[in-house]
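Asker: What follows is final_24.csv; its format and atoms are CSV, N, CA and C atoms.
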chain,number,residue,atom,x,y,z
A,282,MET,N,7.9,4.0,-42.6
A,282,MET,CA,8.4,4.3,-41.3
A,282,MET,C,7.6,5.4,-40.6
A,283,SER,N,7.2,5.2,-39.4
A,283,SER,CA,6.5,6.2,-38.7
A,283,SER,C,7.4,7.0,-37.9
A,284,GLY,N,7.1,8.2,-37.7
A,284,GLY,CA,8.0,9.1,-36.9
A,284,GLY,C,7.4,9.4,-35.5
A,285,GLY,N,8.0,10.2,-34.7
A,285,GLY,CA,7.4,10.6,-33.5
A,285,GLY,C,7.9,9.8,-32.3
A,286,ILE,N,6.9,9.4,-31.6
A,286,ILE,CA,7.2,8.7,-30.3
A,286,ILE,C,7.8,7.3,-30.4
A,287,ASP,N,7.6,6.7,-31.6
A,287,ASP,CA,8.2,5.4,-31.7
A,287,ASP,C,9.7,5.3,-31.6
A,288,LYS,N,10.4,6.5,-31.9
A,288,LYS,CA,11.8,6.5,-31.9
A,288,LYS,C,12.4,6.8,-30.5
A,289,VAL,N,11.5,7.1,-29.5
A,289,VAL,CA,12.0,7.4,-28.2
A,289,VAL,C,12.3,6.1,-27.5
A,290,PRO,N,13.6,6.0,-27.0
A,290,PRO,CA,13.9,4.7,-26.3
A,290,PRO,C,13.0,4.5,-25.0
A,291,PRO,N,12.7,3.3,-24.7
A,291,PRO,CA,11.8,3.0,-23.6
A,291,PRO,C,12.4,3.5,-22.3
A,292,PHE,N,13.7,3.4,-22.1
A,292,PHE,CA,14.3,3.8,-20.8
A,292,PHE,C,14.1,5.3,-20.5
A,293,CYS,N,14.0,6.1,-21.6
A,293,CYS,CA,13.8,7.6,-21.4
A,293,CYS,C,12.3,7.8,-20.9
A,294,PHE,N,11.4,7.0,-21.5
A,294,PHE,CA,10.0,7.2,-21.0
A,294,PHE,C,9.9,6.7,-19.6
A,295,MET,N,10.5,5.6,-19.2
A,295,MET,CA,10.4,5.2,-17.8
A,295,MET,C,11.1,6.2,-16.9
A,296,ARG,N,12.2,6.8,-17.3
A,296,ARG,CA,12.8,7.8,-16.4
A,296,ARG,C,11.9,9.0,-16.2
A,297,PHE,N,11.2,9.4,-17.3
A,297,PHE,CA,10.2,10.4,-17.2
A,297,PHE,C,9.1,10.1,-16.3
A,298,ILE,N,8.6,8.9,-16.3
A,298,ILE,CA,7.5,8.4,-15.4
A,298,ILE,C,8.0,8.4,-14.0
A,299,LYS,N,9.2,8.0,-13.7
A,299,LYS,CA,9.8,8.0,-12.4
A,299,LYS,C,9.9,9.5,-11.9
A,300,GLN,N,10.3,10.4,-12.7
A,300,GLN,CA,10.5,11.8,-12.3
A,300,GLN,C,9.1,12.4,-12.0
A,301,LEU,N,8.1,12.1,-12.9
A,301,LEU,CA,6.8,12.6,-12.7
A,301,LEU,C,6.2,12.0,-11.4
A,302,SER,N,6.5,10.8,-11.1
A,302,SER,CA,6.0,10.2,-9.9
A,302,SER,C,6.6,10.9,-8.7
A,303,TRP,N,7.8,11.3,-8.7
A,303,TRP,CA,8.4,12.0,-7.6
A,303,TRP,C,7.9,13.4,-7.4
A,304,VAL,N,7.6,14.0,-8.6
A,304,VAL,CA,7.0,15.4,-8.5
A,304,VAL,C,5.6,15.3,-7.9
A,305,LEU,N,4.8,14.3,-8.3
A,305,LEU,CA,3.5,14.2,-7.8
A,305,LEU,C,3.5,13.8,-6.3
A,306,ARG,N,4.5,13.0,-5.8
A,306,ARG,CA,4.6,12.7,-4.4
A,306,ARG,C,5.0,14.0,-3.6
A,307,ALA,N,5.9,14.8,-4.1
A,307,ALA,CA,6.3,16.0,-3.5
A,307,ALA,C,5.1,17.0,-3.4
A,308,LEU,N,4.3,17.1,-4.5
A,308,LEU,CA,3.1,17.9,-4.5
A,308,LEU,C,2.1,17.4,-3.4
A,309,LEU,N,1.9,16.1,-3.4
A,309,LEU,CA,0.9,15.6,-2.4
A,309,LEU,C,1.4,15.8,-1.0
A,310,PHE,N,2.7,15.7,-0.7
A,310,PHE,CA,3.3,16.0,0.6
A,310,PHE,C,3.0,17.4,1.0
A,311,LEU,N,3.3,18.4,0.0
A,311,LEU,CA,3.0,19.8,0.3
A,311,LEU,C,1.6,20.1,0.6
A,312,VAL,N,0.7,19.5,-0.1
A,312,VAL,CA,-0.8,19.7,0.1
A,312,VAL,C,-1.1,19.2,1.5
A,313,ILE,N,-0.7,18.0,1.9
A,313,ILE,CA,-1.0,17.4,3.2
A,313,ILE,C,-0.3,18.3,4.3
A,314,PHE,N,0.9,18.7,4.1
A,314,PHE,CA,1.6,19.6,5.0
A,314,PHE,C,0.8,20.9,5.2
A,315,GLY,N,0.4,21.5,4.2
A,315,GLY,CA,-0.4,22.7,4.3
A,315,GLY,C,-1.7,22.5,5.0
A,316,PHE,N,-2.3,21.4,4.8
A,316,PHE,CA,-3.6,21.0,5.5
A,316,PHE,C,-3.3,20.9,7.0
A,317,ALA,N,-2.1,20.3,7.3
A,317,ALA,CA,-1.8,20.1,8.7
A,317,ALA,C,-1.5,21.5,9.4
A,318,LEU,N,-0.9,22.4,8.7
A,318,LEU,CA,-0.6,23.7,9.2
A,318,LEU,C,-1.8,24.5,9.4
A,319,MET,N,-2.8,24.3,8.6
A,319,MET,CA,-4.1,25.0,8.8
A,319,MET,C,-5.0,24.5,9.8
A,320,ASN,N,-4.7,23.2,10.3
A,320,ASN,CA,-5.6,22.6,11.3
A,320,ASN,C,-4.9,22.3,12.6
A,321,THR,N,-4.4,23.4,13.2
A,321,THR,CA,-3.7,23.2,14.5
A,321,THR,C,-4.5,23.6,15.7
A,322,ASP,N,-5.8,23.9,15.4
A,322,ASP,CA,-6.7,24.2,16.6
A,322,ASP,C,-6.8,23.0,17.5
A,323,MET,N,-7.0,23.3,18.8
A,323,MET,CA,-7.2,22.3,19.7
A,323,MET,C,-8.7,21.8,19.7
A,324,VAL,N,-8.8,20.5,19.8
A,324,VAL,CA,-10.1,19.8,19.8
A,324,VAL,C,-10.2,19.0,21.0
A,325,ARG,N,-11.4,18.8,21.5
A,325,ARG,CA,-11.7,17.9,22.7
A,325,ARG,C,-12.4,16.7,22.2
A,326,LEU,N,-11.8,15.6,22.6
A,326,LEU,CA,-12.5,14.3,22.4
A,326,LEU,C,-13.0,13.8,23.7
A,327,ARG,N,-14.4,13.7,23.8
A,327,ARG,CA,-15.1,13.3,25.0
A,327,ARG,C,-15.4,11.8,24.9
A,328,PHE,N,-14.9,11.1,25.9
A,328,PHE,CA,-15.1,9.7,26.0
A,328,PHE,C,-16.1,9.4,27.1
A,329,PHE,N,-16.5,8.2,27.3
A,329,PHE,CA,-17.4,7.8,28.4
A,329,PHE,C,-16.8,8.1,29.8
A,330,LEU,N,-17.6,8.2,30.8
A,330,LEU,CA,-17.2,8.4,32.2
A,330,LEU,C,-16.5,9.7,32.3
A,331,GLY,N,-16.8,10.7,31.5
A,331,GLY,CA,-16.3,12.0,31.7
A,331,GLY,C,-14.8,12.3,31.3
A,332,GLN,N,-14.2,11.3,30.7
A,332,GLN,CA,-12.8,11.4,30.3
A,332,GLN,C,-12.7,12.3,29.0
A,333,VAL,N,-11.8,13.3,29.0
A,333,VAL,CA,-11.6,14.2,27.9
A,333,VAL,C,-10.2,14.3,27.5
A,334,TRP,N,-9.9,14.2,26.2
A,334,TRP,CA,-8.6,14.4,25.7
A,334,TRP,C,-8.6,15.7,24.9
A,335,GLU,N,-7.6,16.5,25.0
A,335,GLU,CA,-7.4,17.7,24.2
A,335,GLU,C,-6.1,17.6,23.4
A,336,MET,N,-6.2,17.8,22.1
A,336,MET,CA,-5.1,17.7,21.2
A,336,MET,C,-5.3,18.5,20.0
A,337,PRO,N,-4.3,18.8,19.2
A,337,PRO,CA,-4.5,19.5,17.9
A,337,PRO,C,-5.3,18.6,17.0
A,338,MET,N,-6.1,19.3,16.1
A,338,MET,CA,-7.0,18.6,15.2
A,338,MET,C,-6.2,17.6,14.3
A,339,ILE,N,-5.1,18.1,13.8
A,339,ILE,CA,-4.3,17.3,12.8
A,339,ILE,C,-3.8,16.0,13.5
A,340,ILE,N,-3.4,16.1,14.8
A,340,ILE,CA,-3.0,14.9,15.5
A,340,ILE,C,-4.2,13.9,15.6
A,341,ALA,N,-5.4,14.4,16.0
A,341,ALA,CA,-6.5,13.6,16.0
A,341,ALA,C,-6.8,12.9,14.7
A,342,LEU,N,-6.8,13.7,13.6
A,342,LEU,CA,-7.0,13.1,12.3
A,342,LEU,C,-6.0,12.1,11.9
A,343,LEU,N,-4.7,12.3,12.2
A,343,LEU,CA,-3.7,11.3,11.9
A,343,LEU,C,-3.8,10.1,12.7
A,344,LEU,N,-4.2,10.2,14.0
A,344,LEU,CA,-4.4,9.0,14.8
A,344,LEU,C,-5.6,8.2,14.3
A,345,PHE,N,-6.7,8.8,13.9
A,345,PHE,CA,-7.8,8.1,13.4
A,345,PHE,C,-7.5,7.5,12.1
A,346,PHE,N,-6.8,8.2,11.2
A,346,PHE,CA,-6.4,7.6,9.9
A,346,PHE,C,-5.5,6.4,10.1
A,347,ALA,N,-4.5,6.5,11.0
A,347,ALA,CA,-3.6,5.4,11.3
A,347,ALA,C,-4.4,4.2,11.9
A,348,PHE,N,-5.3,4.5,12.8
A,348,PHE,CA,-6.1,3.4,13.4
A,348,PHE,C,-7.0,2.7,12.3
A,349,GLY,N,-7.6,3.5,11.4
A,349,GLY,CA,-8.4,2.9,10.3
A,349,GLY,C,-7.5,2.1,9.4
A,350,ALA,N,-6.3,2.6,9.1
A,350,ALA,CA,-5.4,1.8,8.2
A,350,ALA,C,-5.0,0.5,8.8
A,351,ALA,N,-4.7,0.5,10.1
A,351,ALA,CA,-4.3,-0.7,10.9
A,351,ALA,C,-5.5,-1.7,10.9
A,352,ILE,N,-6.7,-1.2,11.1
A,352,ILE,CA,-7.8,-2.2,11.0
A,352,ILE,C,-8.0,-2.8,9.6
A,353,GLY,N,-7.8,-2.0,8.6
A,353,GLY,CA,-7.8,-2.5,7.2
A,353,GLY,C,-6.8,-3.5,7.0
A,354,VAL,N,-5.6,-3.3,7.4
A,354,VAL,CA,-4.5,-4.3,7.3
A,354,VAL,C,-4.8,-5.6,8.0
A,355,LEU,N,-5.3,-5.4,9.2
A,355,LEU,CA,-5.7,-6.6,10.0
A,355,LEU,C,-6.8,-7.4,9.4
A,356,ALA,N,-7.7,-6.7,8.7
A,356,ALA,CA,-8.8,-7.4,8.0
A,356,ALA,C,-8.3,-8.2,6.9
A,357,CYS,N,-7.2,-7.8,6.3
A,357,CYS,CA,-6.6,-8.6,5.1
A,357,CYS,C,-5.7,-9.7,5.5
A,358,VAL,N,-5.2,-9.7,6.8
A,358,VAL,CA,-4.2,-10.7,7.2
A,358,VAL,C,-4.8,-12.1,7.1
A,359,SER,N,-6.0,-12.3,7.6
A,359,SER,CA,-6.5,-13.7,7.6
A,359,SER,C,-6.6,-14.3,6.2
A,360,ARG,N,-7.1,-13.4,5.2
A,360,ARG,CA,-7.2,-13.9,3.8
A,360,ARG,C,-5.8,-14.2,3.3
A,361,LEU,N,-4.8,-13.3,3.6
A,361,LEU,CA,-3.4,-13.5,3.1
A,361,LEU,C,-2.8,-14.8,3.7
A,362,LEU,N,-3.0,-15.1,5.0
A,362,LEU,CA,-2.5,-16.3,5.5
A,362,LEU,C,-3.2,-17.5,4.9
A,363,GLY,N,-4.5,-17.4,4.7
A,363,GLY,CA,-5.2,-18.5,4.0
A,363,GLY,C,-4.7,-18.8,2.6
A,364,GLN,N,-4.4,-17.8,1.9
A,364,GLN,CA,-3.9,-17.9,0.6
A,364,GLN,C,-2.5,-18.5,0.6
A,365,ARG,N,-1.7,-18.1,1.6
A,365,ARG,CA,-0.3,-18.7,1.7
A,365,ARG,C,-0.4,-20.2,2.0
A,366,ARG,N,-1.3,-20.6,2.9
A,366,ARG,CA,-1.5,-22.0,3.2
A,366,ARG,C,-1.9,-22.8,2.0
A,367,GLU,N,-2.9,-22.2,1.2
A,367,GLU,CA,-3.3,-22.9,0.0
A,367,GLU,C,-2.2,-23.0,-1.0
A,368,ILE,N,-1.4,-22.0,-1.2
A,368,ILE,CA,-0.2,-22.1,-2.1
A,368,ILE,C,0.7,-23.2,-1.7
A,369,GLN,N,1.0,-23.3,-0.4
A,369,GLN,CA,1.9,-24.3,0.1
A,369,GLN,C,1.3,-25.7,-0.1
A,370,LYS,N,0.0,-25.8,0.1
A,370,LYS,CA,-0.6,-27.1,-0.1
A,370,LYS,C,-0.6,-27.5,-1.6
A,371,LEU,N,-0.8,-26.6,-2.5
A,371,LEU,CA,-0.7,-26.9,-3.9
A,371,LEU,C,0.7,-27.2,-4.4
A,372,ARG,N,1.7,-26.5,-3.8
A,372,ARG,CA,3.1,-26.8,-4.1
A,372,ARG,C,3.4,-28.3,-3.7
A,373,ARG,N,2.9,-28.7,-2.5
A,373,ARG,CA,3.2,-30.0,-2.0
A,373,ARG,C,2.5,-31.0,-2.9
A,374,GLU,N,1.3,-30.7,-3.4
A,374,GLU,CA,0.7,-31.6,-4.3
A,374,GLU,C,1.4,-31.7,-5.7
A,375,LEU,N,2.0,-30.7,-6.1
A,375,LEU,CA,2.7,-30.7,-7.4
A,375,LEU,C,4.0,-31.4,-7.4
A,376,ARG,N,4.7,-31.4,-6.2
A,376,ARG,CA,6.0,-32.1,-6.1
A,376,ARG,C,6.0,-33.5,-6.6
A,377,PRO,N,5.1,-34.4,-6.0
A,377,PRO,CA,5.1,-35.8,-6.4
A,377,PRO,C,4.7,-35.9,-7.9
A,378,ARG,N,3.8,-35.1,-8.4
A,378,ARG,CA,3.4,-35.2,-9.8
A,378,ARG,C,4.5,-34.9,-10.7
A,379,ALA,N,5.4,-34.0,-10.3
A,379,ALA,CA,6.5,-33.6,-11.2
A,379,ALA,C,7.4,-34.9,-11.4
A,380,ASP,N,7.6,-35.6,-10.3
A,380,ASP,CA,8.4,-36.8,-10.4
A,380,ASP,C,7.8,-37.9,-11.3
A,381,ARG,N,6.4,-38.0,-11.2
A,381,ARG,CA,5.7,-39.0,-12.0
A,381,ARG,C,5.6,-38.6,-13.5
A,382,ALA,N,5.7,-37.3,-13.8
A,382,ALA,CA,5.5,-36.8,-15.1
A,382,ALA,C,6.6,-37.2,-16.1
A,383,VAL,N,7.8,-37.4,-15.6
A,383,VAL,CA,8.9,-37.8,-16.5
A,383,VAL,C,9.0,-39.4,-16.5
A,384,PRO,N,8.8,-40.0,-17.6
A,384,PRO,CA,8.8,-41.5,-17.6
A,384,PRO,C,10.3,-41.9,-17.5
A,385,PRO,N,10.5,-43.0,-16.8
A,385,PRO,CA,11.9,-43.5,-16.6
A,385,PRO,C,12.5,-43.9,-17.9
A,386,PRO,N,13.8,-43.8,-18.1
A,386,PRO,CA,14.4,-44.2,-19.3
A,386,PRO,C,14.4,-45.7,-19.5
A,387,ALA,N,14.2,-46.2,-20.7
A,387,ALA,CA,14.0,-47.6,-20.9
A,387,ALA,C,15.3,-48.2,-21.5
Please render this file's structure as structure tokens.
Answerer:
Amino acid sequence: MSGGIDKVPPFCFMRFIKQLSWVLRALLFLVIFGFALMNTDMVRLRFFLGQVWEMPMIIALLLFFAFGAAIGVLACVSRLLGQRREIQKLRRELRPRADRAVPPPA
């Protein structure tokens, strides 16, 4: 018989992983929050035709991050929809075959 970690019930390990996950999330939040507090200086965004926007740097960073994430999601949508159509097509093809797979009782 081996001793040590083998005797720890799996639910205790999973609870530890969940707690560790929440601690890491809180730590990440605090780091990002501290970054936001340190970057409150005003920045100017100059666009074409002389248009200028002034906003805090963290707002500009968050806007561009959100814009990039939205573009990434939109880039994945066409592939996701294509895969869903293919799954539905394959399911329709399997339905009649399932009926033919079982021979009728004799």
Asker: Please give the complete set of residues from chain A that DSSP, run on the backbone, assigns to helix (DSSP H, G or I), formatted as a tab-separated table (two decimals) with N, CA and C atoms, in the coordinates of the input.
Answerer:
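Listing of states-v9.tsv after writing:
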chain	number	residue	atom	x	y	z
A	286	ILE	N	6.90	9.40	-31.60
A	286	ILE	CA	7.20	8.70	-30.30
A	286	ILE	C	7.80	7.30	-30.40
A	287	ASP	N	7.60	6.70	-31.60
A	287	ASP	CA	8.20	5.40	-31.70
A	287	ASP	C	9.70	5.30	-31.60
A	288	LYS	N	10.40	6.50	-31.90
A	288	LYS	CA	11.80	6.50	-31.90
A	288	LYS	C	12.40	6.80	-30.50
A	291	PRO	N	12.70	3.30	-24.70
A	291	PRO	CA	11.80	3.00	-23.60
A	291	PRO	C	12.40	3.50	-22.30
A	292	PHE	N	13.70	3.40	-22.10
A	292	PHE	CA	14.30	3.80	-20.80
A	292	PHE	C	14.10	5.30	-20.50
A	293	CYS	N	14.00	6.10	-21.60
A	293	CYS	CA	13.80	7.60	-21.40
A	293	CYS	C	12.30	7.80	-20.90
A	294	PHE	N	11.40	7.00	-21.50
A	294	PHE	CA	10.00	7.20	-21.00
A	294	PHE	C	9.90	6.70	-19.60
A	295	MET	N	10.50	5.60	-19.20
A	295	MET	CA	10.40	5.20	-17.80
A	295	MET	C	11.10	6.20	-16.90
A	296	ARG	N	12.20	6.80	-17.30
A	296	ARG	CA	12.80	7.80	-16.40
A	296	ARG	C	11.90	9.00	-16.20
A	297	PHE	N	11.20	9.40	-17.30
A	297	PHE	CA	10.20	10.40	-17.20
A	297	PHE	C	9.10	10.10	-16.30
A	298	ILE	N	8.60	8.90	-16.30
A	298	ILE	CA	7.50	8.40	-15.40
A	298	ILE	C	8.00	8.40	-14.00
A	299	LYS	N	9.20	8.00	-13.70
A	299	LYS	CA	9.80	8.00	-12.40
A	299	LYS	C	9.90	9.50	-11.90
A	300	GLN	N	10.30	10.40	-12.70
A	300	GLN	CA	10.50	11.80	-12.30
A	300	GLN	C	9.10	12.40	-12.00
A	301	LEU	N	8.10	12.10	-12.90
A	301	LEU	CA	6.80	12.60	-12.70
A	301	LEU	C	6.20	12.00	-11.40
A	302	SER	N	6.50	10.80	-11.10
A	302	SER	CA	6.00	10.20	-9.90
A	302	SER	C	6.60	10.90	-8.70
A	303	TRP	N	7.80	11.30	-8.70
A	303	TRP	CA	8.40	12.00	-7.60
A	303	TRP	C	7.90	13.40	-7.40
A	304	VAL	N	7.60	14.00	-8.60
A	304	VAL	CA	7.00	15.40	-8.50
A	304	VAL	C	5.60	15.30	-7.90
A	305	LEU	N	4.80	14.30	-8.30
A	305	LEU	CA	3.50	14.20	-7.80
A	305	LEU	C	3.50	13.80	-6.30
A	306	ARG	N	4.50	13.00	-5.80
A	306	ARG	CA	4.60	12.70	-4.40
A	306	ARG	C	5.00	14.00	-3.60
A	307	ALA	N	5.90	14.80	-4.10
A	307	ALA	CA	6.30	16.00	-3.50
A	307	ALA	C	5.10	17.00	-3.40
A	308	LEU	N	4.30	17.10	-4.50
A	308	LEU	CA	3.10	17.90	-4.50
A	308	LEU	C	2.10	17.40	-3.40
A	309	LEU	N	1.90	16.10	-3.40
A	309	LEU	CA	0.90	15.60	-2.40
A	309	LEU	C	1.40	15.80	-1.00
A	310	PHE	N	2.70	15.70	-0.70
A	310	PHE	CA	3.30	16.00	0.60
A	310	PHE	C	3.00	17.40	1.00
A	311	LEU	N	3.30	18.40	0.00
A	311	LEU	CA	3.00	19.80	0.30
A	311	LEU	C	1.60	20.10	0.60
A	312	VAL	N	0.70	19.50	-0.10
A	312	VAL	CA	-0.80	19.70	0.10
A	312	VAL	C	-1.10	19.20	1.50
A	313	ILE	N	-0.70	18.00	1.90
A	313	ILE	CA	-1.00	17.40	3.20
A	313	ILE	C	-0.30	18.30	4.30
A	314	PHE	N	0.90	18.70	4.10
A	314	PHE	CA	1.60	19.60	5.00
A	314	PHE	C	0.80	20.90	5.20
A	315	GLY	N	0.40	21.50	4.20
A	315	GLY	CA	-0.40	22.70	4.30
A	315	GLY	C	-1.70	22.50	5.00
A	316	PHE	N	-2.30	21.40	4.80
A	316	PHE	CA	-3.60	21.00	5.50
A	316	PHE	C	-3.30	20.90	7.00
A	317	ALA	N	-2.10	20.30	7.30
A	317	ALA	CA	-1.80	20.10	8.70
A	317	ALA	C	-1.50	21.50	9.40
A	318	LEU	N	-0.90	22.40	8.70
A	318	LEU	CA	-0.60	23.70	9.20
A	318	LEU	C	-1.80	24.50	9.40
A	319	MET	N	-2.80	24.30	8.60
A	319	MET	CA	-4.10	25.00	8.80
A	319	MET	C	-5.00	24.50	9.80
A	329	PHE	N	-16.50	8.20	27.30
A	329	PHE	CA	-17.40	7.80	28.40
A	329	PHE	C	-16.80	8.10	29.80
A	330	LEU	N	-17.60	8.20	30.80
A	330	LEU	CA	-17.20	8.40	32.20
A	330	LEU	C	-16.50	9.70	32.30
A	331	GLY	N	-16.80	10.70	31.50
A	331	GLY	CA	-16.30	12.00	31.70
A	331	GLY	C	-14.80	12.30	31.30
A	338	MET	N	-6.10	19.30	16.10
A	338	MET	CA	-7.00	18.60	15.20
A	338	MET	C	-6.20	17.60	14.30
A	339	ILE	N	-5.10	18.10	13.80
A	339	ILE	CA	-4.30	17.30	12.80
A	339	ILE	C	-3.80	16.00	13.50
A	340	ILE	N	-3.40	16.10	14.80
A	340	ILE	CA	-3.00	14.90	15.50
A	340	ILE	C	-4.20	13.90	15.60
A	341	ALA	N	-5.40	14.40	16.00
A	341	ALA	CA	-6.50	13.60	16.00
A	341	ALA	C	-6.80	12.90	14.70
A	342	LEU	N	-6.80	13.70	13.60
A	342	LEU	CA	-7.00	13.10	12.30
A	342	LEU	C	-6.00	12.10	11.90
A	343	LEU	N	-4.70	12.30	12.20
A	343	LEU	CA	-3.70	11.30	11.90
A	343	LEU	C	-3.80	10.10	12.70
A	344	LEU	N	-4.20	10.20	14.00
A	344	LEU	CA	-4.40	9.00	14.80
A	344	LEU	C	-5.60	8.20	14.30
A	345	PHE	N	-6.70	8.80	13.90
A	345	PHE	CA	-7.80	8.10	13.40
A	345	PHE	C	-7.50	7.50	12.10
A	346	PHE	N	-6.80	8.20	11.20
A	346	PHE	CA	-6.40	7.60	9.90
A	346	PHE	C	-5.50	6.40	10.10
A	347	ALA	N	-4.50	6.50	11.00
A	347	ALA	CA	-3.60	5.40	11.30
A	347	ALA	C	-4.40	4.20	11.90
A	348	PHE	N	-5.30	4.50	12.80
A	348	PHE	CA	-6.10	3.40	13.40
A	348	PHE	C	-7.00	2.70	12.30
A	349	GLY	N	-7.60	3.50	11.40
A	349	GLY	CA	-8.40	2.90	10.30
A	349	GLY	C	-7.50	2.10	9.40
A	350	ALA	N	-6.30	2.60	9.10
A	350	ALA	CA	-5.40	1.80	8.20
A	350	ALA	C	-5.00	0.50	8.80
A	351	ALA	N	-4.70	0.50	10.10
A	351	ALA	CA	-4.30	-0.70	10.90
A	351	ALA	C	-5.50	-1.70	10.90
A	352	ILE	N	-6.70	-1.20	11.10
A	352	ILE	CA	-7.80	-2.20	11.00
A	352	ILE	C	-8.00	-2.80	9.60
A	353	GLY	N	-7.80	-2.00	8.60
A	353	GLY	CA	-7.80	-2.50	7.20
A	353	GLY	C	-6.80	-3.50	7.00
A	354	VAL	N	-5.60	-3.30	7.40
A	354	VAL	CA	-4.50	-4.30	7.30
A	354	VAL	C	-4.80	-5.60	8.00
A	355	LEU	N	-5.30	-5.40	9.20
A	355	LEU	CA	-5.70	-6.60	10.00
A	355	LEU	C	-6.80	-7.40	9.40
A	356	ALA	N	-7.70	-6.70	8.70
A	356	ALA	CA	-8.80	-7.40	8.00
A	356	ALA	C	-8.30	-8.20	6.90
A	357	CYS	N	-7.20	-7.80	6.30
A	357	CYS	CA	-6.60	-8.60	5.10
A	357	CYS	C	-5.70	-9.70	5.50
A	358	VAL	N	-5.20	-9.70	6.80
A	358	VAL	CA	-4.20	-10.70	7.20
A	358	VAL	C	-4.80	-12.10	7.10
A	359	SER	N	-6.00	-12.30	7.60
A	359	SER	CA	-6.50	-13.70	7.60
A	359	SER	C	-6.60	-14.30	6.20
A	360	ARG	N	-7.10	-13.40	5.20
A	360	ARG	CA	-7.20	-13.90	3.80
A	360	ARG	C	-5.80	-14.20	3.30
A	361	LEU	N	-4.80	-13.30	3.60
A	361	LEU	CA	-3.40	-13.50	3.10
A	361	LEU	C	-2.80	-14.80	3.70
A	362	LEU	N	-3.00	-15.10	5.00
A	362	LEU	CA	-2.50	-16.30	5.50
A	362	LEU	C	-3.20	-17.50	4.90
A	363	GLY	N	-4.50	-17.40	4.70
A	363	GLY	CA	-5.20	-18.50	4.00
A	363	GLY	C	-4.70	-18.80	2.60
A	364	GLN	N	-4.40	-17.80	1.90
A	364	GLN	CA	-3.90	-17.90	0.60
A	364	GLN	C	-2.50	-18.50	0.60
A	365	ARG	N	-1.70	-18.10	1.60
A	365	ARG	CA	-0.30	-18.70	1.70
A	365	ARG	C	-0.40	-20.20	2.00
A	366	ARG	N	-1.30	-20.60	2.90
A	366	ARG	CA	-1.50	-22.00	3.20
A	366	ARG	C	-1.90	-22.80	2.00
A	367	GLU	N	-2.90	-22.20	1.20
A	367	GLU	CA	-3.30	-22.90	0.00
A	367	GLU	C	-2.20	-23.00	-1.00
A	368	ILE	N	-1.40	-22.00	-1.20
A	368	ILE	CA	-0.20	-22.10	-2.10
A	368	ILE	C	0.70	-23.20	-1.70
A	369	GLN	N	1.00	-23.30	-0.40
A	369	GLN	CA	1.90	-24.30	0.10
A	369	GLN	C	1.30	-25.70	-0.10
A	370	LYS	N	0.00	-25.80	0.10
A	370	LYS	CA	-0.60	-27.10	-0.10
A	370	LYS	C	-0.60	-27.50	-1.60
A	371	LEU	N	-0.80	-26.60	-2.50
A	371	LEU	CA	-0.70	-26.90	-3.90
A	371	LEU	C	0.70	-27.20	-4.40
A	372	ARG	N	1.70	-26.50	-3.80
A	372	ARG	CA	3.10	-26.80	-4.10
A	372	ARG	C	3.40	-28.30	-3.70
A	373	ARG	N	2.90	-28.70	-2.50
A	373	ARG	CA	3.20	-30.00	-2.00
A	373	ARG	C	2.50	-31.00	-2.90
A	374	GLU	N	1.30	-30.70	-3.40
A	374	GLU	CA	0.70	-31.60	-4.30
A	374	GLU	C	1.40	-31.70	-5.70
A	375	LEU	N	2.00	-30.70	-6.10
A	375	LEU	CA	2.70	-30.70	-7.40
A	375	LEU	C	4.00	-31.40	-7.40
A	376	ARG	N	4.70	-31.40	-6.20
A	376	ARG	CA	6.00	-32.10	-6.10
A	376	ARG	C	6.00	-33.50	-6.60
A	377	PRO	N	5.10	-34.40	-6.00
A	377	PRO	CA	5.10	-35.80	-6.40
A	377	PRO	C	4.70	-35.90	-7.90
A	378	ARG	N	3.80	-35.10	-8.40
A	378	ARG	CA	3.40	-35.20	-9.80
A	378	ARG	C	4.50	-34.90	-10.70
A	379	ALA	N	5.40	-34.00	-10.30
A	379	ALA	CA	6.50	-33.60	-11.20
A	379	ALA	C	7.40	-34.90	-11.40
A	380	ASP	N	7.60	-35.60	-10.30
A	380	ASP	CA	8.40	-36.80	-10.40
A	380	ASP	C	7.80	-37.90	-11.30
A	381	ARG	N	6.40	-38.00	-11.20
A	381	ARG	CA	5.70	-39.00	-12.00
A	381	ARG	C	5.60	-38.60	-13.50
A	382	ALA	N	5.70	-37.30	-13.80
A	382	ALA	CA	5.50	-36.80	-15.10
A	382	ALA	C	6.60	-37.20	-16.10
Asker: Mind pulling up the distance from atom N of Leu344 of chain A to atom N of Val304 of chain A?
Answerer: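 Spanning atom N of Val304 of chain A to atom N of Leu344 of chain A is a straight-line distance of 25.8 Å.
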Asker: Can you tell me, as an mmCIF file with N, CA and C atoms, in the frame of the given file, what residues are no more than 8 Å from segment 315-319 of chain A when counting only N, CA and C atoms, ignoring any on the same chain fewer than 3 positions away?
Answerer:
data_model
loop_
_atom_site.group_PDB
_atom_site.id
_atom_site.type_symbol
_atom_site.label_atom_id
_atom_site.label_comp_id
_atom_site.auth_asym_id
_atom_site.auth_seq_id
_atom_site.Cartn_x
_atom_site.Cartn_y
_atom_site.Cartn_z
ATOM 1 N N LEU A 309 1.900 16.100 -3.400
ATOM 2 C CA LEU A 309 0.900 15.600 -2.400
ATOM 3 C C LEU A 309 1.400 15.800 -1.000
ATOM 4 N N PHE A 310 2.700 15.700 -0.700
ATOM 5 C CA PHE A 310 3.300 16.000 0.600
ATOM 6 C C PHE A 310 3.000 17.400 1.000
ATOM 7 N N LEU A 311 3.300 18.400 0.000
ATOM 8 C CA LEU A 311 3.000 19.800 0.300
ATOM 9 C C LEU A 311 1.600 20.100 0.600
ATOM 10 N N VAL A 312 0.700 19.500 -0.100
ATOM 11 C CA VAL A 312 -0.800 19.700 0.100
ATOM 12 C C VAL A 312 -1.100 19.200 1.500
ATOM 13 N N ASP A 322 -5.800 23.900 15.400
ATOM 14 C CA ASP A 322 -6.700 24.200 16.600
ATOM 15 C C ASP A 322 -6.800 23.000 17.500
ATOM 16 N N MET A 338 -6.100 19.300 16.100
ATOM 17 C CA MET A 338 -7.000 18.600 15.200
ATOM 18 C C MET A 338 -6.200 17.600 14.300
ATOM 19 N N ILE A 339 -5.100 18.100 13.800
ATOM 20 C CA ILE A 339 -4.300 17.300 12.800
ATOM 21 C C ILE A 339 -3.800 16.000 13.500
ATOM 22 N N ILE A 340 -3.400 16.100 14.800
ATOM 23 C CA ILE A 340 -3.000 14.900 15.500
ATOM 24 C C ILE A 340 -4.200 13.900 15.600
#
